[in-house]
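*Asks:* First, the structure itself, so that you have it in front of you.
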Amino acid sequence: MRWVPTWNAAPQSFQPVVRLNMDGSQREAALLRWGLVPSWAKDARIGLKTINARAEDVETKPAFRAALNKRRCLVPADAFYEWKRTGEKSRRPFAIALQSGEPYAFAGLWENWQHAEGAALESFTILTTAPNSLMEPIHNRMPVIVAPQDYERWLDPAAPLPLDLLRPYSAEEMRAWPVSDRVGSVRNNAPELLNEIPETQHSLFA
């Protein structure tokens with residue numbers, strides 16, 4: 001499978017994750033489908049409903065419980081989109097990234113599902129938590145971002161369950177800016193989607 005950059009990742013697409021290899025001795029990168037399919041699922045379509053896992057109940061949800069204990073991963077990104085409600089029928093997209101502009105990693109879980117006819121599917125989900133003060137005006141949830149010093153602890157299935165990492169990231173280290181409505185269509189996938197669109201320009205062309 002070919003690795004290509006994406007500026008508008010969509011659920012059910014294949015995206016890179018970082019996880020431990022089979023013997024747990026080192027990290028590896030792999031392309032997995034976004035939308036976790038539990039090993040016990042009868043149909044892969046459950047992945048349409050499992051693109052995210054709530055940190056507050058991930059430990060008890062049957063779809064995520066086994067993966068939380070044994071198959072944690074990191075999902076690399078340098079920005080994500082979220083939509084802010086601006087009226088009863090209107091919303092505006094924002095991009096959110098680190099102030100430093102550096103890449104970061106979401107807390108993720110992955111699973112291996114075997115189709116009855118023999119085809120295997122590896123998939124993942126991204127954990128979410130309550131918003132920090134930057135995200136709160138935009139949305140009532142945000143992805144869990146794992147700090148680099150915590151990567152090893154998050155990935156290691158032998159370590160005590162690192163539930164303390166499932167918390168909002170520091171708002172002071174993040175920034176958000178308005179972007180084009182074009183991010184609402186997965187057909188659009190270009191670096192320009194991350195360009196800031198001033199409020200007046202957005203209102204003019206909305």
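Labels for the structure tokens follow display order: chains A, B, ..., residues from 1 in each chain, ligands from 1.
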Considering only C-alpha atoms, return as a PyMOL selection string whatever protein or nucleic-acid residues lie within 9 Å of Glu102 in chain A, sequence-local ones (same chain, fewer than 4 positions apart) excluded.
*Replies:* chain A and resi 78+97-98
*Asks:* Using DSSP assignments from the backbone, pull out every residue in range 46-89 of chain A that falls under strand (DSSP E or B) and give it to me as a list in words.
*Replies:* Asn52, Ala53, Arg54, Arg72, Cys73, Leu74, Val75, Pro76, Ala77, Phe80, Tyr81, Glu82, Trp83, Lys84 and Arg85 of chain A
*Asks:* As a ChimeraX atom specification, which residues of range 9-123 of chain A does DSSP assign to helix (DSSP H, G or I)?
*Replies:* /A:44-49,62-70
*Asks:* Go ahead and write the selection's residues with N, CA and C atoms as a PDB file, in the first residue's frame.
*Replies:*
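Contents of result.pdb, freshly written:
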```
ATOM      1  N   ALA A  44     -17.873  -5.669   9.174  1.00  0.00           N
ATOM      2  CA  ALA A  44     -16.909  -4.570   9.260  1.00  0.00           C
ATOM      3  C   ALA A  44     -17.572  -3.207   9.285  1.00  0.00           C
ATOM      4  N   ARG A  45     -18.863  -3.150   8.990  1.00  0.00           N
ATOM      5  CA  ARG A  45     -19.546  -1.857   8.972  1.00  0.00           C
ATOM      6  C   ARG A  45     -19.642  -1.214  10.343  1.00  0.00           C
ATOM      7  N   ILE A  46     -19.351  -1.975  11.403  1.00  0.00           N
ATOM      8  CA  ILE A  46     -19.330  -1.376  12.737  1.00  0.00           C
ATOM      9  C   ILE A  46     -18.286  -0.260  12.802  1.00  0.00           C
ATOM     10  N   GLY A  47     -17.290  -0.333  11.930  1.00  0.00           N
ATOM     11  CA  GLY A  47     -16.243   0.682  11.894  1.00  0.00           C
ATOM     12  C   GLY A  47     -16.742   2.075  11.556  1.00  0.00           C
ATOM     13  N   LEU A  48     -17.933   2.166  10.967  1.00  0.00           N
ATOM     14  CA  LEU A  48     -18.510   3.478  10.672  1.00  0.00           C
ATOM     15  C   LEU A  48     -18.878   4.226  11.955  1.00  0.00           C
ATOM     16  N   LYS A  49     -19.082   3.480  13.039  1.00  0.00           N
ATOM     17  CA  LYS A  49     -19.516   4.080  14.307  1.00  0.00           C
ATOM     18  C   LYS A  49     -18.396   4.161  15.337  1.00  0.00           C
ATOM     19  N   PRO A  62     -17.285  -2.741  25.204  1.00  0.00           N
ATOM     20  CA  PRO A  62     -16.821  -4.005  24.606  1.00  0.00           C
ATOM     21  C   PRO A  62     -16.010  -3.813  23.325  1.00  0.00           C
ATOM     22  N   ALA A  63     -16.349  -2.813  22.531  1.00  0.00           N
ATOM     23  CA  ALA A  63     -15.651  -2.614  21.260  1.00  0.00           C
ATOM     24  C   ALA A  63     -14.196  -2.207  21.444  1.00  0.00           C
ATOM     25  N   PHE A  64     -13.878  -1.594  22.596  1.00  0.00           N
ATOM     26  CA  PHE A  64     -12.548  -1.021  22.788  1.00  0.00           C
ATOM     27  C   PHE A  64     -11.742  -1.656  23.914  1.00  0.00           C
ATOM     28  N   ARG A  65     -12.390  -2.394  24.788  1.00  0.00           N
ATOM     29  CA  ARG A  65     -11.767  -2.858  26.026  1.00  0.00           C
ATOM     30  C   ARG A  65     -10.500  -3.674  25.776  1.00  0.00           C
ATOM     31  N   ALA A  66     -10.566  -4.643  24.885  1.00  0.00           N
ATOM     32  CA  ALA A  66      -9.401  -5.497  24.628  1.00  0.00           C
ATOM     33  C   ALA A  66      -8.261  -4.703  23.999  1.00  0.00           C
ATOM     34  N   ALA A  67      -8.591  -3.829  23.064  1.00  0.00           N
ATOM     35  CA  ALA A  67      -7.559  -3.032  22.403  1.00  0.00           C
ATOM     36  C   ALA A  67      -6.883  -2.080  23.379  1.00  0.00           C
ATOM     37  N   LEU A  68      -7.640  -1.528  24.320  1.00  0.00           N
ATOM     38  CA  LEU A  68      -7.061  -0.623  25.311  1.00  0.00           C
ATOM     39  C   LEU A  68      -5.988  -1.341  26.124  1.00  0.00           C
ATOM     40  N   ASN A  69      -6.206  -2.578  26.434  1.00  0.00           N
ATOM     41  CA  ASN A  69      -5.264  -3.334  27.250  1.00  0.00           C
ATOM     42  C   ASN A  69      -4.062  -3.862  26.470  1.00  0.00           C
ATOM     43  N   LYS A  70      -4.248  -4.156  25.180  1.00  0.00           N
ATOM     44  CA  LYS A  70      -3.197  -4.865  24.454  1.00  0.00           C
ATOM     45  C   LYS A  70      -2.722  -4.199  23.167  1.00  0.00           C
TER      46      LYS A  70
END
```
*Asks:* Can you pull out the residues contacting range 121-138 of chain A? Cut-off 6 Å, using only C-alpha atoms, and skip same-chain residues under 3 positions away; I want them as a CSV table (one decimal) with C-alpha atoms, in the first residue's frame.
*Replies:*
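Wrote it out as result_13.csv, contents follow:
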```csv
chain,number,residue,atom,x,y,z
A,32,LEU,CA,-4.7,0.9,9.1
A,33,ARG,CA,-8.3,1.8,8.3
A,34,TRP,CA,-9.9,4.5,10.4
A,35,GLY,CA,-12.9,3.1,12.2
A,36,LEU,CA,-12.1,0.2,14.6
A,51,ILE,CA,-13.9,6.3,14.5
A,52,ASN,CA,-13.6,7.7,18.0
A,53,ALA,CA,-13.6,6.3,21.5
A,54,ARG,CA,-14.6,8.3,24.5
A,55,ALA,CA,-11.9,8.3,27.1
A,84,LYS,CA,-17.9,25.4,15.3
A,107,ALA,CA,-3.9,8.4,21.4
A,108,GLY,CA,-5.2,5.5,19.4
A,109,LEU,CA,-6.3,1.8,19.6
A,110,TRP,CA,-6.0,-0.8,16.9
A,111,GLU,CA,-7.6,-4.1,16.2
A,112,ASN,CA,-7.2,-7.1,13.8
A,113,TRP,CA,-10.5,-8.4,12.3
A,141,ARG,CA,-14.8,17.2,22.5
A,142,MET,CA,-11.2,17.0,21.4
A,143,PRO,CA,-8.8,14.2,20.5
A,144,VAL,CA,-6.4,13.0,23.2
A,168,PRO,CA,-7.1,17.5,27.5
A,171,ALA,CA,-4.4,25.0,25.6
```
*Asks:* Record the distance separating CA of Glu82 in chain A and CA of Asp57 in chain A, expressed in Å with one decimal.
*Replies:*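 Distance reported for this atom pair: 22.1 Å.
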*Asks:* Skip Trp177 in chain A itself and residues of its chain fewer than 4 positions away, then list as a list in words all residues within 10 Å of it, counting only C-alpha atoms.
*Replies:*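 Answer for this query is Tyr81, Pro93, Phe94, Ala95, Ile96, Ala97, Leu194, Asn195, Glu196, Ile197 and Pro198 of chain A.
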*Asks:* Here is a test: counting only C-alpha atoms, which residue of A:Val18, A:Val186, A:Met174, A:Ala119 is nearest to Ser100 in chain A?
*Replies:*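 Closest to Ser100 in chain A of all the choices is A:Met174.
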*Asks:* Would you mind reading off the distance between CA of Glu56 in chain A and CA of Ala77 in chain A, one decimal, in Å?
*Replies:*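 Answer for the CA of Glu56 in chain A to CA of Ala77 in chain A separation: 22.8 Å.
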*Asks:* Nearest to Ala120 in chain A among A:Ser170, A:Gln99, A:Ser39, A:Ser180, with distances taken over only C-alpha atoms: which residue is it?
*Replies:*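 Among A:Ser170, A:Gln99, A:Ser39, A:Ser180, it is A:Ser39 that comes nearest to Ala120 in chain A.
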*Asks:* Would you work out the distance separating CA of Pro191 in chain A from CA of Arg167 in chain A, expressed in Å to one decimal?
*Replies:*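 Going from CA of Pro191 in chain A over to CA of Arg167 in chain A, I get 29.3 Å.
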*Asks:* When you count only C-alpha atoms, which of these residues is closest to Val179 in chain A: A:Trp83, A:Gln114, A:Ala158, A:Tyr104?
*Replies:*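 Smallest separation from Val179 in chain A among the options: A:Trp83.
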